[in-house]
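Data file: protein.cif. Format and content: mmCIF, C-alpha atoms and all ligand atoms.
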```cif
data_final
loop_
_atom_site.label_atom_id
_atom_site.label_comp_id
_atom_site.auth_asym_id
_atom_site.auth_seq_id
_atom_site.Cartn_x
_atom_site.Cartn_y
_atom_site.Cartn_z
CA MET A 16 138.69 143.23 78.62
CA LEU A 17 141.32 142.42 76.02
CA LYS A 18 144.89 142.42 77.26
CA LEU A 19 147.91 142.91 75.05
CA ILE A 20 151.09 141.31 76.31
CA THR A 21 154.14 142.92 74.80
CA TYR A 22 157.55 144.36 75.60
CA PRO A 23 157.73 147.60 77.60
CA ALA A 24 158.09 151.00 75.98
CA ALA A 25 161.59 151.85 74.78
CA PHE A 26 163.42 154.60 72.92
CA GLY A 27 160.31 156.75 72.51
CA ALA A 28 158.07 153.94 71.18
CA PRO A 29 155.14 152.48 73.16
CA SER A 30 156.82 149.06 72.91
CA ALA A 31 160.36 147.97 72.11
CA SER A 32 158.77 145.57 69.61
CA PRO A 33 157.44 147.03 66.36
CA PHE A 34 155.04 144.05 66.27
CA GLY A 35 153.75 145.08 69.69
CA VAL A 36 153.22 148.62 68.42
CA LYS A 37 151.51 147.24 65.32
CA ALA A 38 149.10 145.28 67.53
CA MET A 39 148.36 148.47 69.51
CA CYS A 40 147.53 150.25 66.24
CA PHE A 41 145.18 147.42 65.27
CA LEU A 42 143.45 147.65 68.65
CA LYS A 43 142.90 151.34 68.03
CA MET A 44 141.66 150.72 64.47
CA ALA A 45 139.19 148.18 65.85
CA GLY A 46 137.96 150.63 68.50
CA ALA A 47 138.62 147.95 71.12
CA GLU A 48 138.86 148.50 74.84
CA TRP A 49 142.05 146.94 76.03
CA GLU A 50 144.72 147.05 78.64
CA MET A 51 148.46 146.70 78.50
CA GLY A 52 150.27 143.73 79.99
CA ARG A 53 154.00 144.25 79.99
CA SER A 54 156.47 141.40 79.69
CA SER A 55 160.09 141.12 78.71
CA ASP A 56 160.06 137.35 78.65
CA PRO A 57 158.53 135.66 75.60
CA ARG A 58 159.46 132.11 76.63
CA LYS A 59 156.03 131.15 77.97
CA ALA A 60 154.11 132.73 75.07
CA PRO A 61 152.37 130.20 72.76
CA LYS A 62 154.96 130.76 70.02
CA ALA A 63 157.70 132.01 72.35
CA LYS A 64 157.34 135.47 70.82
CA LEU A 65 155.48 138.63 71.73
CA PRO A 66 152.99 140.24 71.24
CA VAL A 67 150.15 138.02 72.43
CA LEU A 68 146.56 139.21 72.75
CA ILE A 69 144.47 137.70 75.54
CA ASP A 70 140.69 137.51 75.31
CA GLY A 71 139.42 135.66 78.37
CA ASP A 72 140.81 132.13 78.09
CA VAL A 73 141.94 132.62 74.51
CA LYS A 74 145.50 133.60 73.67
CA ILE A 75 146.21 134.97 70.20
CA PRO A 76 149.91 135.08 69.37
CA ASP A 77 151.38 136.94 66.38
CA SER A 78 150.37 140.39 65.15
CA GLU A 79 149.03 138.91 61.93
CA ASP A 80 146.61 136.65 63.79
CA ILE A 81 145.79 139.49 66.19
CA ARG A 82 144.74 141.47 63.12
CA SER A 83 142.44 138.69 61.84
CA PHE A 84 141.00 138.14 65.30
CA LEU A 85 140.18 141.84 65.78
CA GLU A 86 138.72 142.27 62.30
CA GLN A 87 136.44 139.32 62.95
CA LYS A 88 135.51 140.19 66.55
CA TYR A 89 134.70 143.83 65.77
CA SER A 90 133.40 143.23 62.21
CA VAL A 91 135.85 145.71 60.77
CA ASP A 92 138.12 145.70 57.75
CA PHE A 93 141.42 147.45 58.32
CA ASP A 94 141.76 147.81 54.53
CA GLU A 95 138.28 149.19 54.00
CA GLY A 96 137.83 150.95 50.68
CA LEU A 97 140.95 149.42 49.12
CA SER A 98 140.70 147.84 45.66
CA ALA A 99 141.86 144.27 45.06
CA GLU A 100 145.07 145.67 43.57
CA GLN A 101 145.70 147.94 46.58
CA ARG A 102 145.07 145.01 48.91
CA ALA A 103 147.69 143.01 47.01
CA VAL A 104 150.21 145.86 47.34
CA SER A 105 149.31 146.18 51.02
CA ARG A 106 150.04 142.50 51.57
CA ALA A 107 153.44 142.88 49.87
CA ILE A 108 154.30 145.99 51.93
CA ILE A 109 153.40 144.19 55.17
CA ARG A 110 155.60 141.23 54.26
CA MET A 111 158.44 143.56 53.30
CA CYS A 112 158.24 145.36 56.63
CA ASP A 113 157.73 142.28 58.82
CA GLU A 114 160.08 139.89 57.07
CA HIS A 115 162.82 142.13 55.73
CA LEU A 116 162.98 145.64 57.18
CA TYR A 117 162.41 144.26 60.67
CA PHE A 118 165.61 142.21 60.42
CA ALA A 119 167.57 145.29 59.35
CA LEU A 120 166.27 146.88 62.56
CA VAL A 121 167.30 143.87 64.66
CA CYS A 122 170.83 143.98 63.21
CA ASP A 123 171.05 147.74 63.71
CA ARG A 124 170.00 147.37 67.33
CA TRP A 125 171.88 144.26 68.38
CA LEU A 126 174.99 144.05 66.21
CA ASN A 127 176.06 147.69 66.56
CA ASP A 128 178.34 147.90 69.62
CA ALA A 129 177.30 151.44 70.64
CA ASN A 130 173.60 150.58 70.37
CA TRP A 131 174.10 147.32 72.20
CA GLY A 132 175.62 149.11 75.20
CA VAL A 133 172.45 151.18 75.63
CA LEU A 134 170.06 148.43 74.69
CA ARG A 135 171.56 145.99 77.19
CA GLU A 136 170.71 148.32 80.07
CA GLU A 137 167.29 149.30 78.67
CA PHE A 138 166.11 145.75 77.93
CA PHE A 139 167.92 143.78 80.61
CA GLY A 140 168.43 146.24 83.46
CA MET A 141 166.31 143.95 85.65
CA ILE A 142 168.93 141.17 85.53
CA PRO A 143 171.21 141.33 88.59
CA LYS A 144 174.39 143.23 87.72
CA LEU A 145 176.63 140.38 88.81
CA VAL A 146 175.36 138.08 86.03
CA ARG A 147 174.00 140.67 83.56
CA GLY A 148 177.10 140.71 81.38
CA PHE A 149 177.26 136.92 81.09
CA VAL A 150 173.53 136.42 80.46
CA THR A 151 173.14 139.27 77.99
CA ASN A 152 176.26 138.34 76.01
CA LYS A 153 174.71 134.91 75.57
CA ILE A 154 171.42 136.41 74.41
CA ARG A 155 173.30 138.71 72.01
CA GLN A 156 175.17 135.72 70.63
CA GLN A 157 171.86 133.92 70.02
CA VAL A 158 170.52 136.96 68.18
CA ARG A 159 173.74 137.16 66.13
CA MET A 160 173.35 133.49 65.16
CA SER A 161 169.67 133.89 64.29
CA MET A 162 170.47 136.93 62.11
CA HIS A 163 173.15 134.86 60.37
CA ALA A 164 170.66 132.04 59.80
CA GLN A 165 168.00 134.49 58.58
CA GLY A 166 170.56 136.06 56.25
CA MET A 167 170.51 139.77 57.14
CA GLY A 168 173.39 139.27 59.56
CA ARG A 169 175.65 138.11 56.70
CA HIS A 170 175.59 141.54 55.06
CA SER A 171 177.96 144.37 55.96
CA VAL A 172 176.51 147.48 57.60
CA ALA A 173 176.70 149.28 54.23
CA GLU A 174 174.95 146.42 52.44
CA ARG A 175 172.20 146.32 55.05
CA LEU A 176 171.70 150.04 54.69
CA ALA A 177 171.45 149.74 50.90
CA ARG A 178 168.84 146.98 51.20
CA ALA A 179 166.79 148.86 53.79
CA ASP A 180 167.05 152.02 51.70
CA MET A 181 165.41 150.30 48.72
CA ASP A 182 162.44 149.31 50.91
CA ILE A 183 162.22 152.75 52.48
CA ARG A 184 162.20 154.38 49.05
CA ALA A 185 159.41 152.03 47.96
CA ILE A 186 157.35 153.09 50.97
CA THR A 187 158.04 156.80 50.39
CA ALA A 188 157.10 156.45 46.72
CA LEU A 189 153.84 154.73 47.62
CA VAL A 190 152.91 157.42 50.14
CA GLY A 191 153.70 160.12 47.58
CA ASP A 192 151.62 163.20 48.36
CA LYS A 193 148.99 161.26 50.27
CA PRO A 194 148.71 161.35 54.07
CA PHE A 195 148.90 157.55 54.29
CA LEU A 196 150.00 154.66 52.08
CA PHE A 197 146.64 154.26 50.39
CA GLY A 198 145.01 157.65 50.77
CA GLU A 199 143.31 159.79 53.35
CA ALA A 200 142.89 157.10 56.01
CA PRO A 201 145.44 154.75 57.59
CA THR A 202 145.14 151.05 56.76
CA ALA A 203 146.80 147.85 57.95
CA ALA A 204 149.97 148.50 55.95
CA ASP A 205 150.51 151.83 57.74
CA ALA A 206 150.22 149.98 61.06
CA SER A 207 153.01 147.64 59.92
CA ALA A 208 155.33 150.08 58.21
CA ALA A 209 155.36 152.98 60.67
CA PRO A 210 156.38 151.08 63.84
CA VAL A 211 159.41 149.44 62.24
CA LEU A 212 160.51 152.66 60.51
CA ALA A 213 159.98 154.70 63.69
CA ALA A 214 162.02 152.16 65.66
CA MET A 215 164.86 152.56 63.16
CA ALA A 216 164.68 156.34 63.41
CA GLY A 217 164.56 156.13 67.21
CA SER A 218 167.80 154.17 67.46
CA PRO A 219 169.38 154.75 70.90
CA THR A 220 172.62 155.94 69.27
CA GLU A 221 172.96 157.39 65.81
CA THR A 222 173.62 154.79 63.12
CA LEU A 223 173.82 155.06 59.33
CA LEU A 224 170.28 153.71 59.20
CA SER A 225 168.83 156.09 61.80
CA LYS A 226 170.59 159.01 60.04
CA ARG A 227 169.05 157.94 56.73
CA LEU A 228 165.56 158.01 58.24
CA ASN A 229 165.87 161.17 60.31
CA ALA A 230 167.19 163.09 57.29
CA ASP A 231 164.10 162.15 55.27
CA ALA A 232 161.62 164.92 56.12
CA PRO A 233 158.65 163.57 54.09
CA LEU A 234 159.09 160.12 55.62
CA MET A 235 159.36 161.51 59.15
CA ALA A 236 156.23 163.57 58.52
CA TYR A 237 154.44 160.40 57.37
CA LEU A 238 155.54 158.60 60.55
CA GLY A 239 154.21 161.50 62.60
CA ARG A 240 150.83 161.21 60.86
CA VAL A 241 150.59 157.46 61.52
CA GLN A 242 151.62 157.97 65.15
CA GLY A 243 148.99 160.69 65.55
CA ALA A 244 146.28 158.57 64.00
CA LEU A 245 147.02 155.08 65.31
CA TYR A 246 149.33 155.05 68.32
CA PRO A 247 147.76 154.66 71.77
N1 LIG B 1 155.44 137.26 63.44
C1 LIG B 1 155.44 137.75 64.79
C2 LIG B 1 156.82 138.25 65.14
C3 LIG B 1 156.93 138.68 66.59
C4 LIG B 1 158.39 138.84 66.99
O1 LIG B 1 159.32 138.60 66.19
N2 LIG B 1 158.59 139.20 68.25
C5 LIG B 1 159.94 139.32 68.76
C6 LIG B 1 160.18 140.71 69.35
S1 LIG B 1 160.08 141.98 68.14
C7 LIG B 1 160.13 138.31 69.87
O2 LIG B 1 159.30 138.18 70.75
N3 LIG B 1 161.26 137.60 69.85
C8 LIG B 1 161.61 136.71 70.91
C9 LIG B 1 162.52 135.63 70.45
O3 LIG B 1 162.74 135.51 69.23
O4 LIG B 1 163.00 134.91 71.33
C10 LIG B 1 154.38 138.86 64.91
O5 LIG B 1 154.00 139.43 63.88
O6 LIG B 1 153.90 139.10 66.02
#
```
Let me see whether you can do it: turn the structure in this file into structure tokens.
Amino acid sequence: MLKLITYPAAFGAPSASPFGVKAMCFLKMAGAEWEMGRSSDPRKAPKAKLPVLIDGDVKIPDSEDIRSFLEQKYSVDFDEGLSAEQRAVSRAIIRMCDEHLYFALVCDRWLNDANWGVLREEFFGMIPKLVRGFVTNKIRQQVRMSMHAQGMGRHSVAERLARADMDIRAITALVGDKPFLFGEAPTAADASAAPVLAAMAGSPTETLLSKRLNADAPLMAYLGRVQGALYP
């Protein structure tokens, strides 16, 4: 049976990682039988990141490759019925969520002091208390540096919110009056967008970003529909 290795559930989501949740959605879309393998340590993963899907001796890292693997293995197309133009838009939405919105989420989680206090206990509660502060401050510093290198960490909180807001408005506009991004049925882009947006809305303490999302009734209703259709 397939096994998905990803971070444990956190803050109301089935995994702390939106990429882990995305992979779960893909497994559901494929109709696969699978089991959960929890890990909080990505260091031994093929690309030192989670999620990783395991099929016998084969390890498939990265949600994007997990998607391709599942579509091939189960002969399904997660964008079935989409035109070439819709597929192009889908690709752009996925990139926007994975490579831009996700980093706004990381900054909101890790760089906000109130959030960090909660997150430290939720993610690293298994580290002995005596060394937890030292170890986790080091990890936070690494995240801070990687967000600086990526670029999102160089923006102020207000600038990050403004950037995320533009993406969120693009997603809301694309959903429009439809149940999902491209119509009546969820597709791959919904499986990418909803987990990262839901993680922002489910921030452990209220932030400007989580307030922005939770105040957006149509968007929250959309997230509810994706969760109902695709979450395990
Ligand atoms: N492109 C990867 C991204 C996965 C990813 O960024 N995973 C994060 C958690 S959300 C991770 O494991 N980070 C560990 C690290 O950077 O050390 C995917 O789509 O699966």
Contacts between ligand LIG 1 (chain B) and chain A, please, where a residue of chain A counts if it comes within 6 Å (with only C-alpha atoms and all ligand atoms); show its shortest atom pair and distance in Å to one decimal, rows by chain and ascending number, as a Markdown table.
```
| residue | atom | partner | partner_atom | distance |
| --- | --- | --- | --- | --- |
| A:Ser32 | CA | B:LIG1 | S1 | 4.1 |
| A:Pro33 | CA | B:LIG1 | S1 | 6.0 |
| A:Phe34 | CA | B:LIG1 | O6 | 5.1 |
| A:Pro57 | CA | B:LIG1 | O2 | 5.5 |
| A:Lys64 | CA | B:LIG1 | O2 | 3.3 |
| A:Leu65 | CA | B:LIG1 | O2 | 4.0 |
| A:Pro66 | CA | B:LIG1 | O6 | 5.4 |
| A:Asp77 | CA | B:LIG1 | O6 | 3.3 |
| A:Ser78 | CA | B:LIG1 | O6 | 3.9 |
| A:Glu79 | CA | B:LIG1 | O5 | 5.4 |
```
* Pull the neighbourhood of (170.6, 144.0, 55.1) for me: all residues within 8 Å in file coordinates, counting all atoms listed in the file, as a PyMOL selection string. => chain A and resi 118-119+167-172+174-179
* **Near-Lys88 (chain A) list (12 Å; all atoms listed in the file; drop same-chain fewer than 6 positions) as a PyMOL selection string** => chain A and resi 17+42+45-47+70+80-82
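Nearest-residue note for Ala185 (chain A): choosing from A:Ile108, A:Asn152, A:Ala216, A:Asp123, the minimum distance belongs to A:Ile108, counting all atoms listed in the file.
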Any chance you could tabulate, as CSV, the residues of region 71-142 of chain A at most 10 Å from region 194-203 of chain A with each one's nearest atom pair and distance in Å to one decimal, using all atoms listed in the file, in chain and rising number order?
```
residue,atom,partner,partner_atom,distance
A:Arg82,CA,A:Ala203,CA,8.5
A:Asp92,CA,A:Thr202,CA,8.9
A:Phe93,CA,A:Thr202,CA,5.4
A:Asp94,CA,A:Thr202,CA,5.2
A:Glu95,CA,A:Thr202,CA,7.6
A:Gly96,CA,A:Phe197,CA,9.4
A:Leu97,CA,A:Phe197,CA,7.6
A:Ser98,CA,A:Phe197,CA,9.9
A:Gln101,CA,A:Phe197,CA,7.4
A:Arg102,CA,A:Phe197,CA,9.5
A:Val104,CA,A:Phe197,CA,9.6
A:Ser105,CA,A:Ala203,CA,7.6
A:Arg106,CA,A:Ala203,CA,8.9
A:Ile108,CA,A:Leu196,CA,9.7
A:Ile109,CA,A:Ala203,CA,8.0
```
* Structure fact -> One decimal place gives the CA of Tyr237 (chain A)-CA of Ala99 (chain A) separation as 23.9 Å
* Asked: So which residues touch region 157-165 of chain A within 8 Å, counting all atoms listed in the file, skipping near sequence neighbours fewer than 5 positions away, as an MDAnalysis selection string?
  -> chainID A and resid 118 122 125:126
* Asked: What does the distance between CA of Arg184 (chain A) and CA of Ala204 (chain A) come to in Å, to one decimal place?
  -> 15.2 Å
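Minimum distance to Tyr89 (chain A) across A:Glu48, A:Pro61, A:Arg135, A:Tyr117 (counting all atoms listed in the file) occurs at A:Glu48.
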* Asked: From the set A:Gly217, A:Gly148, A:Gly52, A:Gly191, which residue has the shortest atom-to-atom contact distance to Asn130 (chain A), counting only C-alpha atoms?
  ->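 Once distances to Asn130 (chain A) are computed over only C-alpha atoms, the minimum belongs to A:Gly217.
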* Enter the distance from CA of Thr151 (chain A) to CA of Ala63 (chain A), in Å, rounded to one decimal. =>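 Straight-line distance from CA of Thr151 (chain A) to CA of Ala63 (chain A) works out to 18.0 Å.
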* Which one is closest to Leu228 (chain A): A:Ile154, A:Leu120, A:Val36, A:Val133? Count all atoms listed in the file. ->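 Ranking A:Ile154, A:Leu120, A:Val36, A:Val133 by distance to Leu228 (chain A), first place goes to A:Leu120.
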I need region 90-195 of chain A written out with C-alpha atoms, as a short mmCIF file (atom, residue, chain, number, x, y, z; two decimals), in the first residue's frame; please produce it.
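Contents of the output file part33.cif:
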```
data_model
loop_
_atom_site.label_atom_id
_atom_site.label_comp_id
_atom_site.auth_asym_id
_atom_site.auth_seq_id
_atom_site.Cartn_x
_atom_site.Cartn_y
_atom_site.Cartn_z
CA SER A 90 -4.32 6.54 -15.35
CA VAL A 91 -6.11 9.67 -14.21
CA ASP A 92 -5.88 13.31 -15.17
CA PHE A 93 -6.39 15.68 -12.27
CA ASP A 94 -7.23 18.42 -14.79
CA GLU A 95 -9.70 16.34 -16.75
CA GLY A 96 -12.03 18.37 -18.93
CA LEU A 97 -9.87 21.51 -18.80
CA SER A 98 -9.03 23.32 -22.04
CA ALA A 99 -5.42 24.07 -22.98
CA GLU A 100 -5.97 27.65 -21.79
CA GLN A 101 -7.40 26.52 -18.44
CA ARG A 102 -4.49 24.13 -18.00
CA ALA A 103 -2.10 27.04 -18.56
CA VAL A 104 -3.93 29.13 -15.94
CA SER A 105 -3.91 26.13 -13.59
CA ARG A 106 -0.14 25.81 -13.95
CA ALA A 107 0.29 29.51 -13.14
CA ILE A 108 -2.02 29.28 -10.09
CA ILE A 109 -0.09 26.27 -8.77
CA ARG A 110 3.22 28.10 -9.14
CA MET A 111 1.78 31.19 -7.46
CA CYS A 112 0.57 29.14 -4.50
CA ASP A 113 3.64 26.92 -4.15
CA GLU A 114 6.34 29.48 -4.87
CA HIS A 115 4.89 32.73 -3.57
CA LEU A 116 1.88 32.41 -1.26
CA TYR A 117 3.57 29.54 0.58
CA PHE A 118 6.45 31.82 1.58
CA ALA A 119 4.01 34.43 2.90
CA LEU A 120 2.64 31.61 5.07
CA VAL A 121 6.11 30.61 6.28
CA CYS A 122 6.88 34.22 7.25
CA ASP A 123 3.51 34.59 8.98
CA ARG A 124 4.12 31.42 10.97
CA TRP A 125 7.79 31.73 11.83
CA LEU A 126 8.61 35.44 11.93
CA ASN A 127 5.60 36.54 13.99
CA ASP A 128 6.61 36.32 17.67
CA ALA A 129 3.14 35.38 18.98
CA ASN A 130 2.74 32.65 16.36
CA TRP A 131 6.24 31.39 16.97
CA GLY A 132 5.54 30.86 20.67
CA VAL A 133 2.67 28.48 19.84
CA LEU A 134 4.34 26.90 16.86
CA ARG A 135 7.50 26.08 18.81
CA GLU A 136 5.52 23.92 21.23
CA GLU A 137 3.31 22.38 18.52
CA PHE A 138 6.14 21.46 16.13
CA PHE A 139 8.98 20.83 18.56
CA GLY A 140 7.30 19.73 21.78
CA MET A 141 9.14 16.40 21.46
CA ILE A 142 12.54 18.07 21.98
CA PRO A 143 13.60 17.84 25.64
CA LYS A 144 12.68 21.06 27.44
CA LEU A 145 16.23 21.65 28.62
CA VAL A 146 17.53 22.15 25.07
CA ARG A 147 14.28 23.07 23.27
CA GLY A 148 14.86 26.82 23.43
CA PHE A 149 18.41 26.60 22.08
CA VAL A 150 17.61 24.12 19.30
CA THR A 151 14.42 25.81 18.14
CA ASN A 152 15.94 29.30 18.16
CA LYS A 153 18.59 27.93 15.82
CA ILE A 154 15.97 26.41 13.54
CA ARG A 155 14.02 29.69 13.57
CA GLN A 156 17.18 31.56 12.65
CA GLN A 157 17.73 29.21 9.69
CA VAL A 158 14.16 29.81 8.53
CA ARG A 159 14.65 33.58 8.92
CA MET A 160 17.81 33.38 6.77
CA SER A 161 16.13 31.22 4.13
CA MET A 162 13.19 33.66 3.94
CA HIS A 163 15.68 36.50 3.52
CA ALA A 164 17.44 34.59 0.74
CA GLN A 165 14.12 33.72 -0.92
CA GLY A 166 13.08 37.37 -0.68
CA MET A 167 9.73 37.28 1.16
CA GLY A 168 11.50 37.83 4.48
CA ARG A 169 12.83 41.20 3.27
CA HIS A 170 9.34 42.69 3.11
CA SER A 171 7.58 44.30 6.07
CA VAL A 172 4.48 42.59 7.46
CA ALA A 173 2.30 45.16 5.63
CA GLU A 174 4.15 44.58 2.35
CA ARG A 175 3.80 40.82 2.69
CA LEU A 176 0.10 41.20 3.34
CA ALA A 177 -0.31 43.40 0.26
CA ARG A 178 1.50 40.86 -1.92
CA ALA A 179 -0.48 37.92 -0.56
CA ASP A 180 -3.70 39.89 -0.94
CA MET A 181 -3.08 40.33 -4.69
CA ASP A 182 -2.74 36.55 -5.08
CA ILE A 183 -5.77 35.86 -2.91
CA ARG A 184 -7.85 38.27 -4.97
CA ALA A 185 -6.71 36.54 -8.16
CA ILE A 186 -7.86 33.20 -6.75
CA THR A 187 -11.21 34.62 -5.59
CA ALA A 188 -11.77 36.22 -8.99
CA LEU A 189 -11.04 32.94 -10.76
CA VAL A 190 -13.44 31.00 -8.53
CA GLY A 191 -16.13 33.62 -9.12
CA ASP A 192 -19.54 31.99 -8.74
CA LYS A 193 -18.24 28.50 -9.46
CA PRO A 194 -17.79 25.86 -6.74
CA PHE A 195 -14.14 25.33 -7.70
#
```
